[in-house]
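What follows is one structure encoded as C-alpha cells, with my remarks underneath.
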Amino acid sequence: QGNFNDAPVLMREFANYCGTDIGTMREASLKLPDLRDIDLRAYHASERINDRGMPIDVELCTLATQYAEVEAVEAASAVIRLSAGALRTVKGTKLRDWVYERLSPSLRKHMELFKDGKKKTSLAVDIRATLLDIAEENPEAIDPLVVQIIEAAEAGAMSSTAKFQTMLNRVSADGRLRGAFVFNGAYQTNRFSSTGAQVHNYPRLVAKDPEAVLAVMRTGAPLDGVLRTLKSMLRPSIAPSKGRVIVRADWNAVEARGLPWLVDSPGSHAYMAAFTDDSRDVYVEQSHAAGLGGERQPGKVVVLSLGYGGGAGALAKMAKNYGVVIDNSDSVVSRWRAANAWVADRRVGWWTSLSRCAMQAMSSHQSFKAGRVVMQRSGDNLTMLLPSGRVMHYPMAGVAEGEYGNEIEYLKASWKPKADAKGWPKARLWHGVLAENATQAACADLLRDALVRCEEQGIEVIGHVHDEIITEAPAGRAKAQGRALQRCMLKVPPWAKTFPLKAEVDISPRFRK
C-alpha cells in the first residue's frame, strides 16, 4: 500500500513493470512483418475516415432509447405475469431452463451447445431470433406463451436497440460518430471490423419511410411492433445535415464472384462467365443445378451457403435467414456439389486442393499453389499468400489426429480476446475455412484499394461495410459523386485484372440497405 510517487520501492516496482512491458512489446514488434506501401496507405485512409466520422441523428437515437427503455420495463413485468410469478427477470438460467423445458425435443436442439464434449443450453440473441423465426413460419411449432416469454426476453435484453445508446455515448459535439472502424480488426483475414456501435452488424431491416416513423416517435405515440420498428431505424440513424445526402455503392455478389475467380480453372471460368453475360443469372442457373426449379432466391441461398463447404445445416440456416423454404436439403447439397465439380469434387476440386496444399506445406518448407493462392510454412505459422501479395497467417499451426484423419490445428487469435479468456483457443483448419478466408481476404484487399482511391480523389467516405462504401455529399452533387464512387469501385488493381466486379449506387437522405 502507499502512493508510488512517494515510495521508492513502489516506484522501482513500477519502473521494472514498465521495462518488462516495453521489452515484450518490442519483441512482438520485431516479429511482425513490415507494412507494405498499399497497407500503409489503406491504414491512413481508414484513419481519415475515422476522423471524418459519420453524421448521427441524435434526436432519433434519443427517442429510440426512450422507447427501448419503456419496452424493457414492460417486458420485465410481462415475464412475471406470463409465468405466473415463476420467473422474475428477463435474463438468467431460470428463464433459459423454463423455455427449454417447454420446447419439443427437435426444437431443443436449437438451444443446445457442445463445449469440451459437454452439452450446455443457451438462449442467446441468435437463438432467440431462430426460435422466433420458427414460430413465425409455423405458429403451431411453439406454445404461444413460450413465444411471448422469448419476445419479452428479447425486449428486455435490448441487444440491438442498445446501439442507439452507444451512438449517443460516442457521438461528438458536432453530431458525428468517430473512430468506428478498426483496421485489420478481423485478425484472420485482416478485414475491417467496427467497434462501439458495431456498424458492420446493423440489421439489414430498414424502415420503408423513416421520416414517418420519426414523426410518430416525436409524438410519443405507440409504435407498431416496437423492437422491430426500432431495429429498422438503426441504419437511418446515420443521416447528414439538411441539404446533404448519403451516396453509397456496393459490389454485387462480390464473394460469389471472388470464389470462382480464386479457383482459376476451366470449370470456374465457365461458372464465372455468368457474371459478365447480361443474359445469364448465376442464381437462377445454380437453382436449376441444385434441382430447385430455377427460382432465383433459393438459388442465391444455395450459392451463399454452400460455396465454403457448407452442408445441409448451413443451407437450412441460410434459407431461414432469407425466408426461403428448401426441402430435402441433403439432396440439394449433393446435386449442387455434383454440378460444381470445380470447387467440390473430392479428387480435383478446389476445396480438396486447398487442404492438400496446406497439409503438404506443413511437412516441408516448399510452397504449394491452389488456384490463385499459395500455401507455405513459415516458422511455426502456416501462411497463405493472396493474389494481392498480402500474407495471411495461421499461428502455431500443427498436425493433429482428427475424427477423419490428420488435420491442421492453429491458434485462433484476435485483436481483442474475450474478457474471460485464459489463453488462445485452438481451431481446426478444414477446406471450408481455407476457402472462406481466402475469398473474404481477397475481397477485403479490393475494398482497401477502393478506399485509398476514393480518398485520393477527394470523395468524402464516412464508412464502409465489407462490400459497400458509404459517402455523403451536397444533394446537388450527389449523382456526380455516385458516378465517381462507382468508377473507383470498378477499377481493379493490377493483381485482380480479371475479377468481374459490378457496383450499384444508391442515393438517399439516410443510410439504408
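Each chain in the C-alpha cells gets a letter, A, B and so on, in the order shown; residues start at 1 in every chain, and ligands are counted from 1 in the order they appear.
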
Note to self: For the structure I just gave you, how does DSSP split stretch 237-486 of chain A - specifically, which residues are alpha helix (DSSP H)? Reply as number ranges by chain.
What the structure shows: A: 254-263, 266-272, 282-289, 296-306, 312-321, 329-339, 341-344, 350-362, 431-456, 478-486

Compile a residue-level contact table for stretch 433-501 of chain A against stretch 260-277 of chain A at a cut-off of 12 Å, reporting for every qualifying residue the shortest atom pair and its distance in Å to one decimal, with only C-alpha atoms counted, rows ordered by chain and ascending number, as JSON lines.
```
{"residue": "A:Leu434", "atom": "CA", "partner": "A:Leu262", "partner_atom": "CA", "distance": 11.7}
{"residue": "A:Ala435", "atom": "CA", "partner": "A:Leu262", "partner_atom": "CA", "distance": 9.1}
{"residue": "A:Glu436", "atom": "CA", "partner": "A:Leu262", "partner_atom": "CA", "distance": 10.9}
{"residue": "A:Asn437", "atom": "CA", "partner": "A:Leu262", "partner_atom": "CA", "distance": 11.5}
{"residue": "A:Ala438", "atom": "CA", "partner": "A:Leu262", "partner_atom": "CA", "distance": 8.0}
{"residue": "A:Thr439", "atom": "CA", "partner": "A:Leu262", "partner_atom": "CA", "distance": 7.3}
{"residue": "A:Gln440", "atom": "CA", "partner": "A:Leu262", "partner_atom": "CA", "distance": 10.8}
{"residue": "A:Ala441", "atom": "CA", "partner": "A:Leu262", "partner_atom": "CA", "distance": 11.0}
{"residue": "A:Ala442", "atom": "CA", "partner": "A:Leu262", "partner_atom": "CA", "distance": 8.5}
{"residue": "A:Cys443", "atom": "CA", "partner": "A:Leu262", "partner_atom": "CA", "distance": 10.6}
{"residue": "A:Trp495", "atom": "CA", "partner": "A:Leu262", "partner_atom": "CA", "distance": 11.6}
{"residue": "A:Ala496", "atom": "CA", "partner": "A:Trp261", "partner_atom": "CA", "distance": 9.1}
{"residue": "A:Lys497", "atom": "CA", "partner": "A:Trp261", "partner_atom": "CA", "distance": 10.5}
{"residue": "A:Thr498", "atom": "CA", "partner": "A:Trp261", "partner_atom": "CA", "distance": 7.9}
{"residue": "A:Phe499", "atom": "CA", "partner": "A:Trp261", "partner_atom": "CA", "distance": 6.4}
{"residue": "A:Pro500", "atom": "CA", "partner": "A:Phe275", "partner_atom": "CA", "distance": 6.7}
{"residue": "A:Leu501", "atom": "CA", "partner": "A:Phe275", "partner_atom": "CA", "distance": 8.4}
```

Check: Separation of atom CA of A:Asn16 and atom CA of A:Leu32, in Å?
Finding: 24.7 Å

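Relative to atom CA of A:Asp467, atom CA of A:Asp250 is found at 5.4 Å.
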
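Near A:Val301, within 10 Å and counting only C-alpha atoms, sit A:Tyr283, A:Gln286, A:Ser287, A:Arg296, A:Gln297, A:Pro298, A:Leu304, A:Ser305, A:Leu306, A:Ala314, A:Leu315, A:Ala316, A:Lys317, A:Met318, A:Ala319, A:Lys320, A:Asn321, A:Tyr322, A:Gly323, A:Val324, A:Ile326; same-chain residues fewer than 3 positions away were not included.
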
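For the set A:Ile459, A:Ala289, A:Leu87, A:Ala207, the residue with the smallest atom-to-atom gap to A:Arg235 is A:Ala207, counting only C-alpha atoms.
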
Check: Hey, can you check how far atom CA of A:Ser159 sits from atom CA of A:Leu131?
Finding: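 Those two atoms sit 16.1 Å apart.
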
Given only C-alpha atoms, how would the per-residue table for stretch 98-189 of chain A near stretch 61-64 of chain A read, listing every residue at most 12 Å away with its closest atom pair and distance in Å to one decimal, sorted by chain and number, as JSON lines?
```
{"residue": "A:Met158", "atom": "CA", "partner": "A:Ala64", "partner_atom": "CA", "distance": 11.2}
{"residue": "A:Ser160", "atom": "CA", "partner": "A:Ala64", "partner_atom": "CA", "distance": 11.3}
{"residue": "A:Thr161", "atom": "CA", "partner": "A:Ala64", "partner_atom": "CA", "distance": 7.6}
{"residue": "A:Ala162", "atom": "CA", "partner": "A:Ala64", "partner_atom": "CA", "distance": 9.3}
{"residue": "A:Lys163", "atom": "CA", "partner": "A:Cys61", "partner_atom": "CA", "distance": 8.8}
{"residue": "A:Phe164", "atom": "CA", "partner": "A:Cys61", "partner_atom": "CA", "distance": 5.0}
{"residue": "A:Gln165", "atom": "CA", "partner": "A:Cys61", "partner_atom": "CA", "distance": 6.9}
{"residue": "A:Thr166", "atom": "CA", "partner": "A:Cys61", "partner_atom": "CA", "distance": 9.3}
{"residue": "A:Met167", "atom": "CA", "partner": "A:Cys61", "partner_atom": "CA", "distance": 7.5}
{"residue": "A:Leu168", "atom": "CA", "partner": "A:Cys61", "partner_atom": "CA", "distance": 6.8}
{"residue": "A:Asn169", "atom": "CA", "partner": "A:Cys61", "partner_atom": "CA", "distance": 10.4}
{"residue": "A:Arg170", "atom": "CA", "partner": "A:Cys61", "partner_atom": "CA", "distance": 11.8}
{"residue": "A:Val171", "atom": "CA", "partner": "A:Cys61", "partner_atom": "CA", "distance": 10.6}
{"residue": "A:Gly175", "atom": "CA", "partner": "A:Cys61", "partner_atom": "CA", "distance": 11.4}
```

Next item on the list: Run DSSP on the backbone and grab whatever in stretch 66-173 of chain A lands in strand (DSSP E); send it over as a list in words.
Entry: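 Selection result, strand (DSSP E) within stretch 66-173 of chain A: Glu112, Leu113, Phe114, Lys115, Lys118, Lys119, Lys120 and Thr121 of chain A.
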
File of the preceding selection, C-alpha atoms, as an mmCIF file, in the first residue's frame:
```
data_model
loop_
_atom_site.group_PDB
_atom_site.id
_atom_site.type_symbol
_atom_site.label_atom_id
_atom_site.label_comp_id
_atom_site.auth_asym_id
_atom_site.auth_seq_id
_atom_site.Cartn_x
_atom_site.Cartn_y
_atom_site.Cartn_z
ATOM 1 C CA GLU A 112 -28.069 -26.904 -27.183
ATOM 2 C CA LEU A 113 -24.372 -26.165 -27.452
ATOM 3 C CA PHE A 114 -21.433 -28.523 -27.020
ATOM 4 C CA LYS A 115 -18.244 -27.268 -25.439
ATOM 5 C CA LYS A 118 -20.285 -31.254 -22.587
ATOM 6 C CA LYS A 119 -23.808 -30.199 -23.532
ATOM 7 C CA LYS A 120 -24.970 -26.783 -22.442
ATOM 8 C CA THR A 121 -28.081 -24.764 -23.185
#
```

Any idea what's packed within 12 Å of A:Leu227, counting only C-alpha atoms, ignoring anything in its chain fewer than 2 positions away? Could you give it as a PDB file with N, CA and C atoms, in the first residue's frame?
```
ATOM      1  N   ALA A  64     -35.326   6.823 -29.635  1.00  0.00           N
ATOM      2  CA  ALA A  64     -35.288   5.363 -29.707  1.00  0.00           C
ATOM      3  C   ALA A  64     -34.930   4.761 -28.352  1.00  0.00           C
ATOM      4  N   THR A  65     -33.976   5.365 -27.648  1.00  0.00           N
ATOM      5  CA  THR A  65     -33.592   4.833 -26.338  1.00  0.00           C
ATOM      6  C   THR A  65     -34.741   4.956 -25.343  1.00  0.00           C
ATOM      7  N   TYR A  67     -37.994   4.813 -26.088  1.00  0.00           N
ATOM      8  CA  TYR A  67     -38.929   3.736 -26.405  1.00  0.00           C
ATOM      9  C   TYR A  67     -38.396   2.393 -25.923  1.00  0.00           C
ATOM     10  N   ALA A  68     -37.100   2.158 -26.124  1.00  0.00           N
ATOM     11  CA  ALA A  68     -36.499   0.884 -25.748  1.00  0.00           C
ATOM     12  C   ALA A  68     -36.543   0.683 -24.226  1.00  0.00           C
ATOM     13  N   GLU A  69     -36.298   1.746 -23.476  1.00  0.00           N
ATOM     14  CA  GLU A  69     -36.323   1.648 -22.012  1.00  0.00           C
ATOM     15  C   GLU A  69     -37.722   1.313 -21.508  1.00  0.00           C
ATOM     16  N   VAL A  70     -38.731   1.944 -22.081  1.00  0.00           N
ATOM     17  CA  VAL A  70     -40.116   1.652 -21.698  1.00  0.00           C
ATOM     18  C   VAL A  70     -40.454   0.206 -22.034  1.00  0.00           C
ATOM     19  N   GLU A  71     -40.023  -0.235 -23.220  1.00  0.00           N
ATOM     20  CA  GLU A  71     -40.289  -1.603 -23.658  1.00  0.00           C
ATOM     21  C   GLU A  71     -39.614  -2.606 -22.730  1.00  0.00           C
ATOM     22  N   ALA A  72     -38.399  -2.295 -22.255  1.00  0.00           N
ATOM     23  CA  ALA A  72     -37.677  -3.196 -21.355  1.00  0.00           C
ATOM     24  C   ALA A  72     -38.388  -3.329 -20.014  1.00  0.00           C
ATOM     25  N   ALA A  75     -41.400  -5.370 -20.538  1.00  0.00           N
ATOM     26  CA  ALA A  75     -41.026  -6.769 -20.762  1.00  0.00           C
ATOM     27  C   ALA A  75     -40.796  -7.480 -19.441  1.00  0.00           C
ATOM     28  N   GLU A 151     -40.102 -13.282 -26.624  1.00  0.00           N
ATOM     29  CA  GLU A 151     -40.199 -11.898 -27.089  1.00  0.00           C
ATOM     30  C   GLU A 151     -39.898 -10.921 -25.954  1.00  0.00           C
ATOM     31  N   ALA A 152     -40.370 -11.251 -24.758  1.00  0.00           N
ATOM     32  CA  ALA A 152     -40.085 -10.390 -23.606  1.00  0.00           C
ATOM     33  C   ALA A 152     -38.596 -10.407 -23.275  1.00  0.00           C
ATOM     34  N   ALA A 153     -37.979 -11.587 -23.387  1.00  0.00           N
ATOM     35  CA  ALA A 153     -36.539 -11.679 -23.148  1.00  0.00           C
ATOM     36  C   ALA A 153     -35.772 -10.852 -24.168  1.00  0.00           C
ATOM     37  N   GLU A 154     -36.237 -10.885 -25.415  1.00  0.00           N
ATOM     38  CA  GLU A 154     -35.597 -10.098 -26.473  1.00  0.00           C
ATOM     39  C   GLU A 154     -35.731  -8.606 -26.180  1.00  0.00           C
ATOM     40  N   ALA A 155     -36.933  -8.192 -25.756  1.00  0.00           N
ATOM     41  CA  ALA A 155     -37.154  -6.774 -25.455  1.00  0.00           C
ATOM     42  C   ALA A 155     -36.325  -6.329 -24.256  1.00  0.00           C
ATOM     43  N   GLY A 156     -36.252  -7.189 -23.247  1.00  0.00           N
ATOM     44  CA  GLY A 156     -35.519  -6.830 -22.042  1.00  0.00           C
ATOM     45  C   GLY A 156     -34.015  -6.780 -22.263  1.00  0.00           C
ATOM     46  N   ALA A 157     -33.521  -7.631 -23.162  1.00  0.00           N
ATOM     47  CA  ALA A 157     -32.085  -7.665 -23.424  1.00  0.00           C
ATOM     48  C   ALA A 157     -31.610  -6.418 -24.155  1.00  0.00           C
ATOM     49  N   MET A 158     -32.484  -5.839 -24.996  1.00  0.00           N
ATOM     50  CA  MET A 158     -32.155  -4.620 -25.748  1.00  0.00           C
ATOM     51  C   MET A 158     -30.837  -4.778 -26.503  1.00  0.00           C
ATOM     52  N   SER A 159     -30.582  -5.990 -27.016  1.00  0.00           N
ATOM     53  CA  SER A 159     -29.287  -6.283 -27.631  1.00  0.00           C
ATOM     54  C   SER A 159     -29.009  -5.445 -28.869  1.00  0.00           C
ATOM     55  N   SER A 160     -30.028  -5.215 -29.701  1.00  0.00           N
ATOM     56  CA  SER A 160     -29.786  -4.409 -30.901  1.00  0.00           C
ATOM     57  C   SER A 160     -30.118  -2.941 -30.657  1.00  0.00           C
ATOM     58  N   THR A 161     -31.177  -2.686 -29.892  1.00  0.00           N
ATOM     59  CA  THR A 161     -31.568  -1.296 -29.647  1.00  0.00           C
ATOM     60  C   THR A 161     -30.558  -0.572 -28.761  1.00  0.00           C
ATOM     61  N   ALA A 162     -29.705  -1.326 -28.051  1.00  0.00           N
ATOM     62  CA  ALA A 162     -28.673  -0.686 -27.229  1.00  0.00           C
ATOM     63  C   ALA A 162     -27.695   0.103 -28.078  1.00  0.00           C
ATOM     64  N   PRO A 203     -28.741  -4.374 -38.395  1.00  0.00           N
ATOM     65  CA  PRO A 203     -29.706  -5.232 -39.093  1.00  0.00           C
ATOM     66  C   PRO A 203     -29.926  -4.754 -40.526  1.00  0.00           C
ATOM     67  N   LEU A 205     -32.725  -4.990 -41.921  1.00  0.00           N
ATOM     68  CA  LEU A 205     -34.077  -4.432 -41.916  1.00  0.00           C
ATOM     69  C   LEU A 205     -34.028  -2.908 -41.847  1.00  0.00           C
ATOM     70  N   PRO A 222     -47.674   5.072 -29.441  1.00  0.00           N
ATOM     71  CA  PRO A 222     -47.188   3.688 -29.511  1.00  0.00           C
ATOM     72  C   PRO A 222     -46.703   3.334 -30.919  1.00  0.00           C
ATOM     73  N   LEU A 223     -45.668   2.528 -30.971  1.00  0.00           N
ATOM     74  CA  LEU A 223     -45.155   2.037 -32.245  1.00  0.00           C
ATOM     75  C   LEU A 223     -45.675   0.629 -32.493  1.00  0.00           C
ATOM     76  N   ASP A 224     -45.955   0.328 -33.732  1.00  0.00           N
ATOM     77  CA  ASP A 224     -46.430  -0.995 -34.095  1.00  0.00           C
ATOM     78  C   ASP A 224     -45.242  -1.954 -34.131  1.00  0.00           C
ATOM     79  N   GLY A 225     -45.172  -2.865 -33.154  1.00  0.00           N
ATOM     80  CA  GLY A 225     -44.025  -3.762 -33.060  1.00  0.00           C
ATOM     81  C   GLY A 225     -42.777  -2.982 -32.707  1.00  0.00           C
ATOM     82  N   THR A 229     -39.580  -2.187 -35.156  1.00  0.00           N
ATOM     83  CA  THR A 229     -39.558  -0.827 -35.698  1.00  0.00           C
ATOM     84  C   THR A 229     -38.256  -0.120 -35.335  1.00  0.00           C
ATOM     85  N   LEU A 230     -37.821  -0.258 -34.079  1.00  0.00           N
ATOM     86  CA  LEU A 230     -36.574   0.387 -33.657  1.00  0.00           C
ATOM     87  C   LEU A 230     -35.373  -0.181 -34.419  1.00  0.00           C
ATOM     88  N   LYS A 231     -35.356  -1.498 -34.617  1.00  0.00           N
ATOM     89  CA  LYS A 231     -34.272  -2.107 -35.395  1.00  0.00           C
ATOM     90  C   LYS A 231     -34.220  -1.520 -36.805  1.00  0.00           C
ATOM     91  N   SER A 232     -35.408  -1.286 -37.357  1.00  0.00           N
ATOM     92  CA  SER A 232     -35.471  -0.771 -38.730  1.00  0.00           C
ATOM     93  C   SER A 232     -35.003   0.675 -38.832  1.00  0.00           C
ATOM     94  N   MET A 233     -34.798   1.328 -37.684  1.00  0.00           N
ATOM     95  CA  MET A 233     -34.356   2.724 -37.678  1.00  0.00           C
ATOM     96  C   MET A 233     -32.862   2.864 -37.362  1.00  0.00           C
ATOM     97  N   LEU A 234     -32.168   1.745 -37.176  1.00  0.00           N
ATOM     98  CA  LEU A 234     -30.744   1.834 -36.851  1.00  0.00           C
ATOM     99  C   LEU A 234     -29.937   2.395 -38.014  1.00  0.00           C
TER     100      LEU A 234
END
```

Margin query: So that I can see what lies close to A:Ile469, please list as a PyMOL selection string the residues with an atom at most 12 Å from it, counting only C-alpha atoms and leaving out residues fewer than 3 positions away in the same chain.
Written below: chain A and resi 46+49+200+246-251+446-455+459-466+472+482+485-486+488-489+503-506+511+513

Check: Smallest atom-to-atom distance to A:Asn50: which of A:Gly258, A:Gly179, A:Gly23, A:Pro8, using only C-alpha atoms?
Finding: A:Gly179

Produce a table with one row for each residue of stretch 403-471 of chain A that has an atom at most 9 Å from any atom of stretch 345-361 of chain A, each row naming the nearest atom pair and its distance in Å at one decimal; use only C-alpha atoms; arrange rows by chain and rising residue number; format as CSV.
```
residue,atom,partner,partner_atom,distance
A:Asn406,CA,A:Met359,CA,8.9
A:Glu407,CA,A:Met359,CA,7.8
A:Ile408,CA,A:Met359,CA,7.3
A:Leu429,CA,A:Ser355,CA,8.4
A:Trp430,CA,A:Ser355,CA,6.7
A:His431,CA,A:Trp351,CA,5.1
A:Gly432,CA,A:Trp351,CA,7.0
A:Leu434,CA,A:Leu354,CA,6.9
A:Ala435,CA,A:Trp351,CA,6.8
```

Output C-alpha atoms for every residue in the selection just made, as a short mmCIF file (atom, residue, chain, number, x, y, z; two decimals), in the first residue's frame.
```cif
data_model
loop_
_atom_site.label_atom_id
_atom_site.label_comp_id
_atom_site.auth_asym_id
_atom_site.auth_seq_id
_atom_site.Cartn_x
_atom_site.Cartn_y
_atom_site.Cartn_z
CA ASN A 406 -4.85 -35.96 -39.70
CA GLU A 407 -5.87 -32.31 -39.64
CA ILE A 408 -4.25 -28.95 -39.04
CA LEU A 429 -8.28 -25.75 -40.39
CA TRP A 430 -10.52 -27.56 -42.85
CA HIS A 431 -11.22 -26.78 -46.51
CA GLY A 432 -14.29 -24.63 -45.76
CA LEU A 434 -9.49 -22.02 -46.07
CA ALA A 435 -11.91 -21.25 -48.91
#
```

Next item on the list: Could you give me, as a VMD selection string, the residues within 10 Å of A:Gln376, counting only C-alpha atoms and dropping anything in the same chain fewer than 6 positions from it?
Entry: chain A and resid 357 to 369 382 to 385 393

If you keep N, CA and C atoms, can you produce a file of those selected residues as a PDB file, in the first residue's frame?
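Output file result.pdb follows:
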```pdb
ATOM      1  N   CYS A 357      -2.721 -28.843 -50.315  1.00  0.00           N
ATOM      2  CA  CYS A 357      -1.587 -27.915 -50.310  1.00  0.00           C
ATOM      3  C   CYS A 357      -1.222 -27.479 -48.895  1.00  0.00           C
ATOM      4  N   ALA A 358      -2.227 -27.265 -48.055  1.00  0.00           N
ATOM      5  CA  ALA A 358      -1.958 -26.873 -46.666  1.00  0.00           C
ATOM      6  C   ALA A 358      -1.220 -27.982 -45.929  1.00  0.00           C
ATOM      7  N   MET A 359      -1.664 -29.223 -46.118  1.00  0.00           N
ATOM      8  CA  MET A 359      -1.017 -30.336 -45.425  1.00  0.00           C
ATOM      9  C   MET A 359       0.390 -30.562 -45.962  1.00  0.00           C
ATOM     10  N   GLN A 360       0.586 -30.426 -47.281  1.00  0.00           N
ATOM     11  CA  GLN A 360       1.927 -30.565 -47.859  1.00  0.00           C
ATOM     12  C   GLN A 360       2.869 -29.484 -47.331  1.00  0.00           C
ATOM     13  N   ALA A 361       2.339 -28.267 -47.200  1.00  0.00           N
ATOM     14  CA  ALA A 361       3.162 -27.162 -46.700  1.00  0.00           C
ATOM     15  C   ALA A 361       3.597 -27.404 -45.262  1.00  0.00           C
ATOM     16  N   MET A 362       2.766 -28.095 -44.485  1.00  0.00           N
ATOM     17  CA  MET A 362       3.103 -28.352 -43.085  1.00  0.00           C
ATOM     18  C   MET A 362       4.294 -29.294 -42.949  1.00  0.00           C
ATOM     19  N   SER A 363       4.532 -30.132 -43.957  1.00  0.00           N
ATOM     20  CA  SER A 363       5.598 -31.126 -43.854  1.00  0.00           C
ATOM     21  C   SER A 363       6.857 -30.746 -44.636  1.00  0.00           C
ATOM     22  N   SER A 364       6.874 -29.537 -45.193  1.00  0.00           N
ATOM     23  CA  SER A 364       8.064 -29.100 -45.917  1.00  0.00           C
ATOM     24  C   SER A 364       8.130 -27.579 -45.900  1.00  0.00           C
ATOM     25  N   HIS A 365       9.217 -27.036 -46.398  1.00  0.00           N
ATOM     26  CA  HIS A 365       9.366 -25.584 -46.484  1.00  0.00           C
ATOM     27  C   HIS A 365       9.137 -25.094 -47.908  1.00  0.00           C
ATOM     28  N   GLN A 366       8.522 -25.930 -48.733  1.00  0.00           N
ATOM     29  CA  GLN A 366       8.188 -25.541 -50.092  1.00  0.00           C
ATOM     30  C   GLN A 366       6.826 -24.875 -50.131  1.00  0.00           C
ATOM     31  N   SER A 367       6.546 -24.192 -51.229  1.00  0.00           N
ATOM     32  CA  SER A 367       5.242 -23.565 -51.411  1.00  0.00           C
ATOM     33  C   SER A 367       4.394 -24.417 -52.355  1.00  0.00           C
ATOM     34  N   PHE A 368       3.058 -24.405 -52.127  1.00  0.00           N
ATOM     35  CA  PHE A 368       2.140 -25.211 -52.909  1.00  0.00           C
ATOM     36  C   PHE A 368       0.957 -24.341 -53.320  1.00  0.00           C
ATOM     37  N   LYS A 369       0.671 -24.362 -54.628  1.00  0.00           N
ATOM     38  CA  LYS A 369      -0.332 -23.461 -55.173  1.00  0.00           C
ATOM     39  C   LYS A 369      -1.676 -24.151 -55.354  1.00  0.00           C
ATOM     40  N   LEU A 382       1.527 -21.460 -40.468  1.00  0.00           N
ATOM     41  CA  LEU A 382       1.151 -21.803 -41.825  1.00  0.00           C
ATOM     42  C   LEU A 382       0.677 -20.513 -42.470  1.00  0.00           C
ATOM     43  N   THR A 383       1.118 -20.222 -43.684  1.00  0.00           N
ATOM     44  CA  THR A 383       0.744 -18.962 -44.321  1.00  0.00           C
ATOM     45  C   THR A 383       0.010 -19.202 -45.632  1.00  0.00           C
ATOM     46  N   MET A 384      -0.790 -18.222 -45.998  1.00  0.00           N
ATOM     47  CA  MET A 384      -1.471 -18.218 -47.288  1.00  0.00           C
ATOM     48  C   MET A 384      -1.122 -16.918 -47.993  1.00  0.00           C
ATOM     49  N   LEU A 385      -0.467 -17.020 -49.142  1.00  0.00           N
ATOM     50  CA  LEU A 385      -0.139 -15.849 -49.952  1.00  0.00           C
ATOM     51  C   LEU A 385      -1.310 -15.555 -50.877  1.00  0.00           C
ATOM     52  N   HIS A 393      -1.719 -15.414 -41.912  1.00  0.00           N
ATOM     53  CA  HIS A 393      -1.003 -16.333 -41.036  1.00  0.00           C
ATOM     54  C   HIS A 393      -1.978 -17.165 -40.198  1.00  0.00           C
TER      55      HIS A 393
END
```

Margin query: Under the rule that only C-alpha atoms are counted, which of A:Val90, A:Ser241, A:Arg428, A:Glu59 is the nearest residue to A:Glu74?
Written below: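 Among the listed residues, A:Val90 lies closest to A:Glu74.
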